[in-house]
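The file final30.txt contains compact mmCIF, C-alpha atoms:
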```
# COMPACT_ATOMS: atom_id res chain seq x y z
CA MET A 89 35.66 24.33 -51.08
CA PRO A 90 32.65 23.45 -53.36
CA ASN A 91 30.44 22.90 -50.30
CA ARG A 92 31.52 26.23 -48.85
CA LEU A 93 30.62 28.00 -52.11
CA VAL A 94 27.23 26.26 -52.22
CA ASP A 95 26.50 27.25 -48.60
CA LYS A 96 27.53 30.83 -49.34
CA ALA A 97 25.22 30.91 -52.35
CA PHE A 98 22.36 29.47 -50.26
CA PHE A 99 22.70 32.11 -47.53
CA SER A 100 22.84 34.89 -50.14
CA ILE A 101 19.58 33.65 -51.67
CA TYR A 102 18.09 33.02 -48.20
CA ASP A 103 18.94 36.60 -47.15
CA ALA A 104 17.42 38.03 -50.33
CA ALA A 105 14.24 36.02 -49.78
CA TRP A 106 13.90 37.36 -46.23
CA ALA A 107 14.53 40.91 -47.47
CA ALA A 108 11.72 40.54 -50.02
CA LEU A 109 9.26 38.93 -47.59
CA THR A 110 9.86 41.06 -44.51
CA PRO A 111 7.61 44.02 -45.55
CA MET A 112 4.74 41.55 -46.09
CA LEU A 113 5.32 39.89 -42.73
CA ARG A 114 4.39 43.15 -41.00
CA LYS A 115 0.81 42.60 -42.23
CA ASN A 116 0.58 39.30 -40.34
CA HIS A 117 -1.20 40.17 -37.07
CA ARG A 118 0.86 37.62 -35.12
CA LEU A 119 4.17 38.90 -36.45
CA ALA A 120 3.19 42.56 -36.18
CA ASP A 121 3.68 42.29 -32.39
CA GLY A 122 7.25 43.33 -31.68
CA PHE A 123 8.01 43.74 -35.38
CA ARG A 124 10.75 46.33 -34.79
CA LEU A 125 12.34 43.97 -32.26
CA ARG A 126 12.15 41.03 -34.67
CA THR A 127 13.92 43.03 -37.38
CA LEU A 128 16.32 44.70 -34.89
CA ALA A 129 15.08 48.08 -36.16
CA LYS A 130 14.75 48.78 -32.44
CA PRO A 131 17.86 47.02 -31.11
CA GLU A 132 17.69 46.29 -27.39
CA LEU A 133 20.00 43.29 -27.20
CA THR A 134 22.99 43.19 -24.86
CA GLN A 135 25.51 40.47 -24.03
CA ALA A 136 24.14 37.30 -22.43
CA ASP A 137 25.98 34.15 -21.40
CA LEU A 138 22.90 31.99 -21.91
CA TRP A 139 20.29 32.41 -24.65
CA ILE A 140 17.11 30.29 -24.45
CA GLN A 141 14.75 30.28 -27.43
CA SER A 142 11.11 29.19 -27.08
CA ALA A 143 8.83 28.98 -30.10
CA SER A 144 5.56 29.73 -28.32
CA ALA A 145 3.70 29.43 -25.02
CA GLY A 146 4.31 25.70 -24.51
CA GLU A 147 8.08 26.01 -24.90
CA ALA A 148 8.10 29.21 -22.81
CA TYR A 149 6.79 27.19 -19.88
CA LEU A 150 9.67 24.75 -20.40
CA ALA A 151 12.11 27.68 -20.28
CA TRP A 152 10.48 28.79 -17.02
CA GLU A 153 11.01 25.31 -15.58
CA ILE A 154 14.70 25.45 -16.56
CA LEU A 155 15.10 28.85 -14.88
CA LYS A 156 13.68 27.45 -11.63
CA ARG A 157 16.47 24.87 -11.42
CA LEU A 158 19.33 26.64 -13.11
CA PRO A 159 22.54 26.47 -11.01
CA GLN A 160 23.57 29.71 -9.33
CA SER A 161 26.83 29.66 -11.28
CA ALA A 162 24.92 29.62 -14.59
CA SER A 163 22.61 32.54 -13.85
CA ARG A 164 24.74 35.63 -14.49
CA SER A 165 23.23 37.00 -17.70
CA ILE A 166 20.36 35.40 -19.62
CA LEU A 167 18.38 36.22 -22.75
CA LEU A 168 14.93 34.68 -23.20
CA THR A 169 13.23 34.91 -26.60
CA ALA A 170 9.98 33.64 -28.13
CA ASN A 171 8.21 33.90 -31.47
CA THR A 172 4.76 34.83 -30.12
CA ARG A 173 3.32 37.49 -27.86
CA GLN A 174 1.93 34.89 -25.47
CA GLY A 175 5.35 33.25 -25.29
CA VAL A 176 7.01 36.59 -24.52
CA GLU A 177 4.44 37.35 -21.81
CA ILE A 178 5.10 34.00 -20.11
CA LEU A 179 8.86 34.56 -20.32
CA CYS A 180 8.43 38.00 -18.70
CA GLN A 181 6.69 36.33 -15.74
CA ALA A 182 9.45 33.72 -15.57
CA ALA A 183 12.15 36.39 -15.65
CA GLN A 184 10.46 38.36 -12.86
CA GLU A 185 10.21 35.28 -10.66
CA PHE A 186 13.82 34.34 -11.43
CA GLN A 187 15.16 37.76 -10.51
CA ASN A 188 13.28 37.72 -7.22
CA TYR A 189 15.64 34.89 -6.20
CA HIS A 190 18.73 35.89 -8.23
CA ARG A 191 18.97 39.63 -7.76
CA GLN A 192 22.46 39.84 -9.24
CA ALA A 193 21.42 38.21 -12.51
CA ALA A 194 20.57 40.21 -15.62
CA VAL A 195 17.64 38.76 -17.57
CA GLN A 196 16.40 40.13 -20.90
CA VAL A 197 13.16 39.10 -22.63
CA THR A 198 12.37 39.94 -26.24
CA TYR A 199 11.04 38.58 -29.51
CA PHE A 200 13.18 36.14 -31.47
CA PRO A 201 14.84 37.96 -34.38
CA PHE A 202 13.85 37.02 -37.91
CA ASP A 203 16.26 34.42 -39.32
CA ARG A 204 17.48 36.69 -42.08
CA PRO A 205 21.26 36.11 -42.11
CA VAL A 206 22.12 39.82 -41.87
CA THR A 207 19.68 40.32 -38.97
CA MET A 208 20.68 37.16 -37.13
CA GLN A 209 24.39 37.90 -37.38
CA LYS A 210 23.73 41.35 -35.94
CA ALA A 211 21.87 39.72 -33.04
CA ILE A 212 24.63 37.17 -32.37
CA ASP A 213 27.29 39.89 -32.45
CA ALA A 214 25.35 41.82 -29.80
CA ILE A 215 24.51 38.84 -27.56
CA ARG A 216 27.76 36.85 -27.85
CA PRO A 217 26.25 33.84 -26.05
CA HIS A 218 28.38 31.09 -24.55
CA VAL A 219 25.44 28.64 -24.64
CA MET A 220 22.36 28.63 -26.88
CA VAL A 221 19.40 26.46 -25.85
CA LEU A 222 16.81 25.64 -28.50
CA LEU A 223 13.66 24.09 -27.03
CA GLU A 224 11.95 21.21 -28.79
CA SER A 225 12.17 21.76 -32.58
CA GLU A 226 13.72 25.15 -33.32
CA LEU A 227 16.07 24.73 -36.30
CA TRP A 228 16.90 28.05 -37.97
CA PRO A 229 19.68 27.97 -40.63
CA ALA A 230 21.04 31.52 -40.17
CA LEU A 231 20.98 31.18 -36.38
CA LEU A 232 22.84 27.85 -36.38
CA HIS A 233 25.33 29.12 -38.97
CA GLY A 234 26.06 32.29 -37.00
CA LEU A 235 26.42 30.44 -33.71
CA LYS A 236 28.86 27.98 -35.31
CA ARG A 237 31.00 30.87 -36.51
CA SER A 238 30.86 32.55 -33.09
CA GLY A 239 32.02 29.42 -31.22
CA ALA A 240 28.91 29.22 -29.02
CA ARG A 241 27.75 25.85 -27.71
CA VAL A 242 24.34 24.91 -29.15
CA PHE A 243 21.99 22.49 -27.37
CA ILE A 244 18.59 21.22 -28.45
CA ILE A 245 16.72 20.38 -25.25
CA ASN A 246 13.41 18.52 -24.97
CA GLY A 247 14.00 17.82 -28.65
CA ARG A 248 11.29 16.42 -30.85
CA MET A 249 11.11 15.85 -34.59
CA THR A 250 8.28 14.37 -36.63
CA GLN A 251 8.91 11.99 -39.52
CA LYS A 252 7.43 14.59 -41.85
CA SER A 253 9.94 17.22 -40.69
CA LEU A 254 12.82 14.76 -41.00
CA CYS A 255 11.91 13.99 -44.63
CA ARG A 256 11.92 17.69 -45.39
CA TYR A 257 15.35 18.23 -43.79
CA LEU A 258 16.80 15.18 -45.56
CA ILE A 259 16.34 16.88 -48.91
CA TRP A 260 19.75 18.45 -48.14
CA PRO A 261 21.36 16.38 -45.37
CA SER A 262 24.93 17.63 -45.85
CA PHE A 263 23.80 21.21 -45.26
CA TRP A 264 22.26 20.34 -41.90
CA ARG A 265 25.22 18.16 -40.92
CA ASN A 266 27.42 21.25 -41.19
CA LEU A 267 25.08 23.07 -38.78
CA ARG A 268 24.75 20.25 -36.23
CA PRO A 269 24.26 21.29 -32.59
CA ASP A 270 26.79 20.24 -29.95
CA ALA A 271 24.24 18.17 -28.03
CA ILE A 272 20.66 17.02 -28.64
CA LEU A 273 18.54 15.77 -25.75
CA ALA A 274 15.46 14.16 -27.34
CA ILE A 275 12.27 13.28 -25.48
CA SER A 276 11.95 9.76 -26.90
CA ARG A 277 14.00 7.06 -28.59
CA GLU A 278 12.07 7.66 -31.82
CA ASP A 279 12.89 11.38 -31.77
CA ALA A 280 16.54 10.61 -31.00
CA VAL A 281 16.73 8.27 -34.00
CA ARG A 282 15.36 10.99 -36.28
CA PHE A 283 17.82 13.60 -34.98
CA ALA A 284 20.66 11.08 -35.41
CA ARG A 285 19.65 10.43 -39.03
CA LEU A 286 19.83 14.14 -39.74
CA PHE A 287 22.86 15.23 -37.71
CA GLY A 288 24.68 11.98 -36.99
CA PRO A 289 24.55 10.01 -33.72
CA GLN A 290 27.27 11.91 -31.84
CA GLY A 291 25.85 13.91 -28.94
CA VAL A 292 22.28 12.63 -29.38
CA THR A 293 20.74 11.21 -26.18
CA VAL A 294 17.30 10.69 -24.67
CA MET A 295 15.96 12.72 -21.73
CA SER A 296 12.73 12.77 -19.74
CA ASN A 297 10.25 15.30 -21.06
CA ILE A 298 10.41 18.53 -19.03
CA LYS A 299 6.61 18.71 -19.28
CA PHE A 300 6.42 15.97 -16.64
CA ASP A 301 8.32 18.23 -14.22
CA ARG A 302 5.64 20.87 -14.64
CA LEU A 303 2.98 18.54 -13.24
CA ASP A 304 2.38 19.32 -9.60
CA GLY A 305 2.23 16.16 -7.51
CA SER A 306 0.96 17.93 -4.39
CA GLU A 307 -2.46 17.15 -3.01
CA PRO A 308 -5.35 19.11 -4.51
CA PRO A 309 -6.36 21.99 -2.23
CA VAL A 310 -8.78 20.95 0.49
CA MET A 311 -11.87 23.11 0.11
CA ILE A 312 -14.23 23.53 3.03
CA GLU A 313 -16.91 24.31 0.48
CA ASN A 314 -16.85 23.82 -3.26
CA PRO A 315 -19.04 26.48 -4.92
CA LEU A 316 -20.65 23.66 -6.92
CA ASP A 317 -21.86 21.88 -3.75
CA ALA A 318 -25.04 23.96 -3.82
CA TYR A 319 -25.97 22.55 -7.22
CA LEU A 320 -24.48 19.04 -7.11
CA PRO A 321 -25.16 17.34 -3.76
CA PHE A 322 -22.75 14.68 -2.51
CA GLY A 323 -23.30 11.39 -4.31
CA SER A 324 -24.71 12.89 -7.53
CA ASP A 325 -24.05 10.87 -10.67
CA PHE A 326 -22.13 13.65 -12.38
CA LEU A 327 -20.06 13.20 -15.55
CA ILE A 328 -17.98 15.70 -17.51
CA LEU A 329 -17.54 16.14 -21.25
CA GLY A 330 -14.59 18.53 -21.31
CA SER A 331 -12.90 20.62 -24.01
CA ILE A 332 -15.39 19.60 -26.70
CA ARG A 333 -14.36 20.95 -30.11
CA GLN A 334 -16.66 21.97 -32.95
CA ALA A 335 -15.75 18.99 -35.15
CA GLU A 336 -16.96 16.53 -32.48
CA GLU A 337 -20.15 18.30 -31.36
CA LYS A 338 -22.44 15.81 -33.11
CA ASP A 339 -20.65 12.88 -31.50
CA ALA A 340 -20.79 14.59 -28.10
CA THR A 341 -24.55 15.03 -28.53
CA ARG A 342 -24.86 11.31 -29.29
CA ILE A 343 -22.87 10.52 -26.14
CA ILE A 344 -25.22 12.67 -24.04
CA LEU A 345 -28.34 11.07 -25.52
CA GLU A 346 -27.01 7.53 -25.03
CA ILE A 347 -26.01 8.14 -21.40
CA LEU A 348 -29.36 9.74 -20.51
CA ARG A 349 -31.27 6.97 -22.30
CA ARG A 350 -29.57 4.26 -20.27
CA HIS A 351 -28.88 6.21 -17.08
CA PRO A 352 -31.60 8.89 -16.95
CA ASP A 353 -30.70 10.27 -13.51
CA THR A 354 -27.18 11.36 -14.58
CA VAL A 355 -26.14 15.02 -14.62
CA ILE A 356 -23.66 15.94 -17.37
CA GLY A 357 -21.34 18.95 -17.30
CA LEU A 358 -20.64 20.08 -20.88
CA PHE A 359 -17.53 22.25 -21.36
CA PRO A 360 -17.12 23.53 -24.95
CA ARG A 361 -13.49 24.25 -25.81
CA HIS A 362 -14.47 27.66 -27.19
CA MET A 363 -17.05 29.92 -25.58
CA HIS A 364 -18.36 31.22 -28.89
CA ARG A 365 -19.96 27.77 -29.40
CA ILE A 366 -22.27 28.19 -26.39
CA GLU A 367 -25.16 29.61 -28.42
CA HIS A 368 -24.82 26.83 -30.98
CA TRP A 369 -24.87 24.25 -28.16
CA GLN A 370 -28.07 25.79 -26.79
CA GLN A 371 -29.72 25.23 -30.14
CA MET A 372 -28.39 21.66 -30.46
CA LEU A 373 -29.52 20.61 -26.99
CA LYS A 374 -32.95 22.17 -27.50
CA ALA A 375 -33.33 20.36 -30.84
CA SER A 376 -32.29 17.07 -29.19
CA GLY A 377 -34.90 17.42 -26.45
CA VAL A 378 -32.29 17.31 -23.70
CA PRO A 379 -33.03 19.39 -20.56
CA TRP A 380 -30.21 21.90 -20.06
CA LEU A 381 -29.23 24.86 -17.94
CA LEU A 382 -26.54 27.49 -18.30
CA ARG A 383 -23.97 27.37 -15.50
CA SER A 384 -24.23 31.15 -15.09
CA GLU A 385 -27.95 30.86 -14.34
CA LEU A 386 -27.88 28.08 -11.72
CA LYS A 387 -29.74 28.98 -8.56
CA ALA A 388 -30.75 25.62 -7.05
CA VAL A 389 -29.99 21.88 -7.11
CA ILE A 390 -29.75 20.63 -10.68
CA PRO A 391 -32.56 18.25 -11.72
CA GLU A 392 -31.43 14.72 -12.54
CA GLY A 393 -31.12 13.98 -16.23
CA SER A 394 -29.96 17.51 -17.09
CA VAL A 395 -26.97 18.95 -18.93
CA ILE A 396 -25.11 21.91 -17.44
CA LEU A 397 -23.81 24.00 -20.33
CA TRP A 398 -20.73 25.64 -18.85
CA ASP A 399 -20.54 29.29 -19.87
CA VAL A 400 -18.30 30.34 -16.95
CA PHE A 401 -14.50 30.37 -17.21
CA GLY A 402 -12.17 28.77 -14.67
CA GLU A 403 -14.40 26.13 -13.10
CA LEU A 404 -13.29 22.94 -14.83
CA SER A 405 -11.03 22.01 -11.92
CA LEU A 406 -13.89 22.58 -9.45
CA ALA A 407 -16.14 20.41 -11.61
CA TYR A 408 -13.57 17.60 -11.68
CA MET A 409 -13.70 17.54 -7.86
CA LYS A 410 -17.40 16.67 -8.07
CA SER A 411 -17.24 14.31 -11.03
CA ALA A 412 -17.41 10.52 -11.17
CA GLY A 413 -15.73 10.38 -14.57
CA ALA A 414 -14.71 12.51 -17.53
CA PHE A 415 -14.29 12.40 -21.27
CA VAL A 416 -11.65 14.82 -22.59
CA GLY A 417 -12.41 16.10 -26.08
CA GLY A 418 -10.35 17.14 -29.06
CA SER A 419 -9.81 13.41 -29.44
CA LEU A 420 -12.85 11.97 -31.23
CA ALA A 421 -11.95 13.98 -34.34
CA PRO A 422 -8.33 14.21 -35.56
CA LEU A 423 -7.60 17.42 -33.63
CA GLY A 424 -4.65 16.28 -31.50
CA GLY A 425 -6.43 15.96 -28.17
CA GLN A 426 -6.62 18.15 -25.06
CA ASN A 427 -5.09 17.88 -21.59
CA PHE A 428 -6.25 14.59 -20.06
CA LEU A 429 -3.78 14.73 -17.17
CA GLU A 430 -5.72 17.29 -15.14
CA PRO A 431 -8.71 15.04 -14.36
CA LEU A 432 -6.30 12.22 -13.46
CA MET A 433 -4.63 14.48 -10.88
CA HIS A 434 -8.06 14.80 -9.28
CA GLY A 435 -8.45 11.01 -9.25
CA ILE A 436 -11.09 11.01 -11.96
CA PRO A 437 -11.43 7.99 -14.29
CA THR A 438 -10.55 9.59 -17.63
CA ILE A 439 -11.54 8.61 -21.16
CA ILE A 440 -10.15 9.95 -24.44
CA GLY A 441 -10.80 9.20 -28.09
CA PRO A 442 -8.40 7.72 -30.65
CA HIS A 443 -6.73 11.04 -31.58
CA TRP A 444 -4.26 12.42 -29.02
CA ASP A 445 -1.15 13.26 -31.03
CA ASN A 446 -0.56 16.52 -29.11
CA PHE A 447 -0.06 14.47 -25.95
CA ARG A 448 1.87 11.49 -27.33
CA TRP A 449 4.79 12.72 -25.20
CA VAL A 450 2.91 11.30 -22.20
CA GLY A 451 3.58 7.83 -23.58
CA GLN A 452 1.52 4.90 -24.84
CA ALA A 453 2.12 3.15 -21.52
CA ILE A 454 -0.49 5.36 -19.83
CA ILE A 455 -3.07 3.67 -22.09
CA ASP A 456 -1.53 0.20 -21.86
CA ARG A 457 -1.65 0.36 -18.06
CA LYS A 458 -5.28 1.51 -18.21
CA ILE A 459 -4.54 4.66 -16.25
CA VAL A 460 -6.31 6.45 -19.10
CA GLN A 461 -8.99 4.70 -21.14
CA GLN A 462 -8.87 5.12 -24.91
CA ALA A 463 -12.22 4.73 -26.65
CA SER A 464 -12.59 3.96 -30.34
CA SER A 465 -15.83 5.85 -31.05
CA TRP A 466 -18.55 8.01 -29.50
CA ARG A 467 -20.50 4.86 -28.66
CA ASP A 468 -17.46 3.41 -26.87
CA VAL A 469 -17.07 6.67 -24.91
CA ALA A 470 -20.70 6.49 -23.76
CA GLU A 471 -20.31 2.83 -22.77
CA ARG A 472 -17.21 3.56 -20.69
CA LEU A 473 -18.79 6.56 -18.94
CA ILE A 474 -21.84 4.50 -18.04
CA THR A 475 -19.52 1.82 -16.62
CA VAL A 476 -17.83 4.50 -14.51
CA ILE A 477 -21.25 5.42 -13.06
CA ASN A 478 -22.25 1.80 -12.42
CA TYR A 479 -18.89 0.78 -10.95
CA PRO A 480 -17.33 3.85 -9.25
CA SER A 481 -13.56 3.96 -8.88
CA ASN A 482 -11.63 4.93 -5.79
CA LYS A 483 -10.36 8.43 -6.55
CA LYS A 484 -7.32 8.06 -4.33
CA THR A 485 -6.28 4.91 -6.21
CA VAL A 486 -6.69 6.58 -9.62
CA ARG A 487 -4.66 9.58 -8.48
CA LEU A 488 -1.86 7.46 -7.00
CA GLN A 489 -1.59 5.44 -10.23
CA ALA A 490 -1.29 8.65 -12.24
CA LEU A 491 1.25 10.17 -9.84
CA SER A 492 3.39 7.05 -9.90
CA TYR A 493 3.42 7.12 -13.71
CA ILE A 494 4.37 10.80 -13.80
CA ARG A 495 7.04 10.70 -11.08
CA HIS A 496 8.90 7.89 -12.82
CA ARG A 497 9.22 10.20 -15.83
CA GLN A 498 10.30 13.38 -14.10
CA GLY A 499 13.86 14.70 -13.91
CA GLY A 500 14.32 16.08 -17.43
CA THR A 501 14.84 19.62 -16.16
CA ASP A 502 17.70 18.55 -13.92
CA THR A 503 19.33 16.75 -16.86
CA ALA A 504 19.07 19.89 -18.99
CA CYS A 505 20.39 22.17 -16.23
CA ARG A 506 23.40 19.92 -15.60
CA LEU A 507 24.33 20.18 -19.28
CA ILE A 508 23.89 23.97 -19.31
CA GLY A 509 25.78 24.39 -16.06
CA GLU A 510 28.68 22.28 -17.30
CA TYR A 511 29.42 24.81 -20.06
CA LEU A 512 28.66 27.98 -18.11
```
Conversion result in structure tokens:
Amino acid sequence: MPNRLVDKAFFSIYDAAWAALTPMLRKNHRLADGFRLRTLAKPELTQADLWIQSASAGEAYLAWEILKRLPQSASRSILLTANTRQGVEILCQAAQEFQNYHRQAAVQVTYFPFDRPVTMQKAIDAIRPHVMVLLESELWPALLHGLKRSGARVFIINGRMTQKSLCRYLIWPSFWRNLRPDAILAISREDAVRFARLFGPQGVTVMSNIKFDRLDGSEPPVMIENPLDAYLPFGSDFLILGSIRQAEEKDATRIILEILRRHPDTVIGLFPRHMHRIEHWQQMLKASGVPWLLRSELKAVIPEGSVILWDVFGELSLAYMKSAGAFVGGSLAPLGGQNFLEPLMHGIPTIIGPHWDNFRWVGQAIIDRKIVQQASSWRDVAERLITVINYPSNKKTVRLQALSYIRHRQGGTDTACRLIGEYL
């Protein structure tokens, strides 16, 4: 009884806090999108057997993967929600594709309601889900409380939890224990241990990360002519510095200077992560005395010892096809890293810096097996890229190593769909 009174007091205070904050949330440009849907001022929710919640774009793609493999018996009525506009847009595409193959299914897409207890209970009463799927790290008190009361099954799929988040939740462990989901499928043993500390070990297991299932293992498209062939003849010593972030621009400049000092006939493709940095890069390269050309202005074969400053969207994949090796940025500074799997799928020897927390789900083994090279500094990056030029790798071998690594870690989507199907 005391615990029940404490929980009731918490949700009363929690509701009042949401009521006070909600008018201010409208001023947030990210939350202003779909604001009336988030508050249920414009209620459009109808009953759905399955409700899948994605925080943002990354989780929305996971939801799309689940829809592709969802059993026919579990596809009668589905609600897909996300917290961001980009997530909702991706879910709309997923829903359209799904209904092309499941014409009898009813699929709704909308913004995730604010977790104000009054609002969330209104949403749950309208949806009446049999199964709720929370992707990765979505823990909302009012949602979990309302679902418990409604008798819905709650699953965390592709679950992940940082140590920092766990410490925050453990401030009130008994509260979260009362809200525990029915099953938690975590993406690593470490994540599973953290979930078990919070909710107890029952129902906590490890699954393969669904992100591996999104990696296409098919052969890259065979192109009769790559548009870059006119500027980079076959056999050119061409290296890529990709997704370079502002905080590592000075280090990237040092890498360029070191490579051209020791290997002056190299051509380097420089891909800033954000296009608004192009003008700044022009100034930096000019000040460094490095010959450079804008990609948009190329008209002939690129002179050896030049940097191509890429100011054209959508050509990184084409550039990988011509490259001997690549460094993927966002990793020399503590920025979490960028996608280093794409160059591997093209068979490109790939180098990253010491910071790749955003892609730790890929696993340390990809470094230990030397499928990806991890450099310790800008100087180490330059050394490894020069080695790639001096001792070229067989692209087919690099690609097969990467594919083998990925394929041994696929299957998470099927695991998730079996669990969903069992209860629908």
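Within 9 Å of Asp137 in chain A, once only C-alpha atoms are used and residues closer than 2 positions along the same chain are dropped, the contacting residues are Gln135, Trp139, Ala162, Ser163, Arg164, Ser165, Ile166, Leu167, Ile215, Arg216, Pro217, His218, Val219, Met220 and Leu512 of chain A.
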Legend entry - Selected residue, from A:Leu382, A:Ile477, A:Ile366, A:Ile275, that lies nearest to Val450 in chain A when counting only C-alpha atoms: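 For Val450 in chain A, the nearest of the given residues is A:Ile275.
Counting only C-alpha atoms and comparing A:Ile212, A:Leu423, A:Val395, A:Leu473, the residue that lies closest to Asp445 in chain A is A:Leu423.
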Inset, instruction - Quick one: everything within 8 Å of range 374-381 of chain A, counting all atoms listed in the file, minus sequence neighbours fewer than 5 positions away in the same chain. Send it as a count of residues only. - result: 7
Inset, instruction - Kindly give the distance, in Å, that separates CA of Glu346 in chain A and CA of Thr485 in chain A, rounded to a single decimal. - result: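 Result for CA of Glu346 in chain A versus CA of Thr485 in chain A: 28.1 Å, one decimal.
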Inset, instruction - List every protein, DNA or RNA residue that has at least one atom no more than 10 Å from (-13.1, 9.7, -20.3) in the file's coordinates, counting only C-alpha atoms, and write the result as an MDAnalysis selection string. - result: chainID A and resid 327:330 413:417 428 431:432 436:441 460:463 469:470 472:473 476
Legend entry - d(CA of Arg204 in chain A, CA of Leu128 in chain A) in Å: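 Computing the Euclidean distance for CA of Arg204 in chain A and CA of Leu128 in chain A yields 10.8 Å.
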Legend entry - Minimum-distance residue to Gly500 in chain A, chosen among A:Ile154, A:Ile459, A:Ile474, A:Leu320 (using only C-alpha atoms): A:Ile154
Inset, instruction - Quote the spacing between CA of Asn246 in chain A and CA of Ile455 in chain A in Å to one decimal place. - result: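 Pair CA of Asn246 in chain A / CA of Ile455 in chain A returns 22.4 Å.
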Legend entry - Pick from A:Ser331, A:Thr341, A:Ser411, A:Ser481, whichever lies nearest to Asp317 in chain A using all atoms listed in the file: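 Selected residue with least distance to Asp317 in chain A: A:Ser411.
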Legend entry - Long-range neighbours of Gly451 in chain A as a list of chain:residue names, 10 Å cut-off, only C-alpha atoms, 6 positions minimum in chain: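 These residues fall inside the cut-off: A:Ser276, A:Tyr493, A:Arg497.
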Inset, instruction - Can you work out which one of A:Thr475, A:Asn297, A:Ser465, A:Ser419 has the shortest atom-to-atom distance to Gln498 in chain A, counting only C-alpha atoms? - result: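 The shortest atom-to-atom distance to Gln498 in chain A comes from A:Asn297.
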Legend entry - For Leu227 in chain A: contacts at 10 Å, all atoms listed in the file, fewer than 6 positions along chain excluded, given as a list in words: Ile244, Tyr257, Trp264, Leu267, Arg268 and Pro269 of chain A
Legend entry - Residues within 12 Å of Trp260 in chain A, all atoms listed in the file, excluding chain neighbours under 6 positions, as JSON, numbers by chain: {"A": [91, 94, 95, 98, 254, 266, 267, 286, 287]}
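Closest approach to Gln209 in chain A from the set A:Lys299, A:Phe99, A:Arg114, A:Glu337 is made by A:Phe99, with distances taken over only C-alpha atoms.
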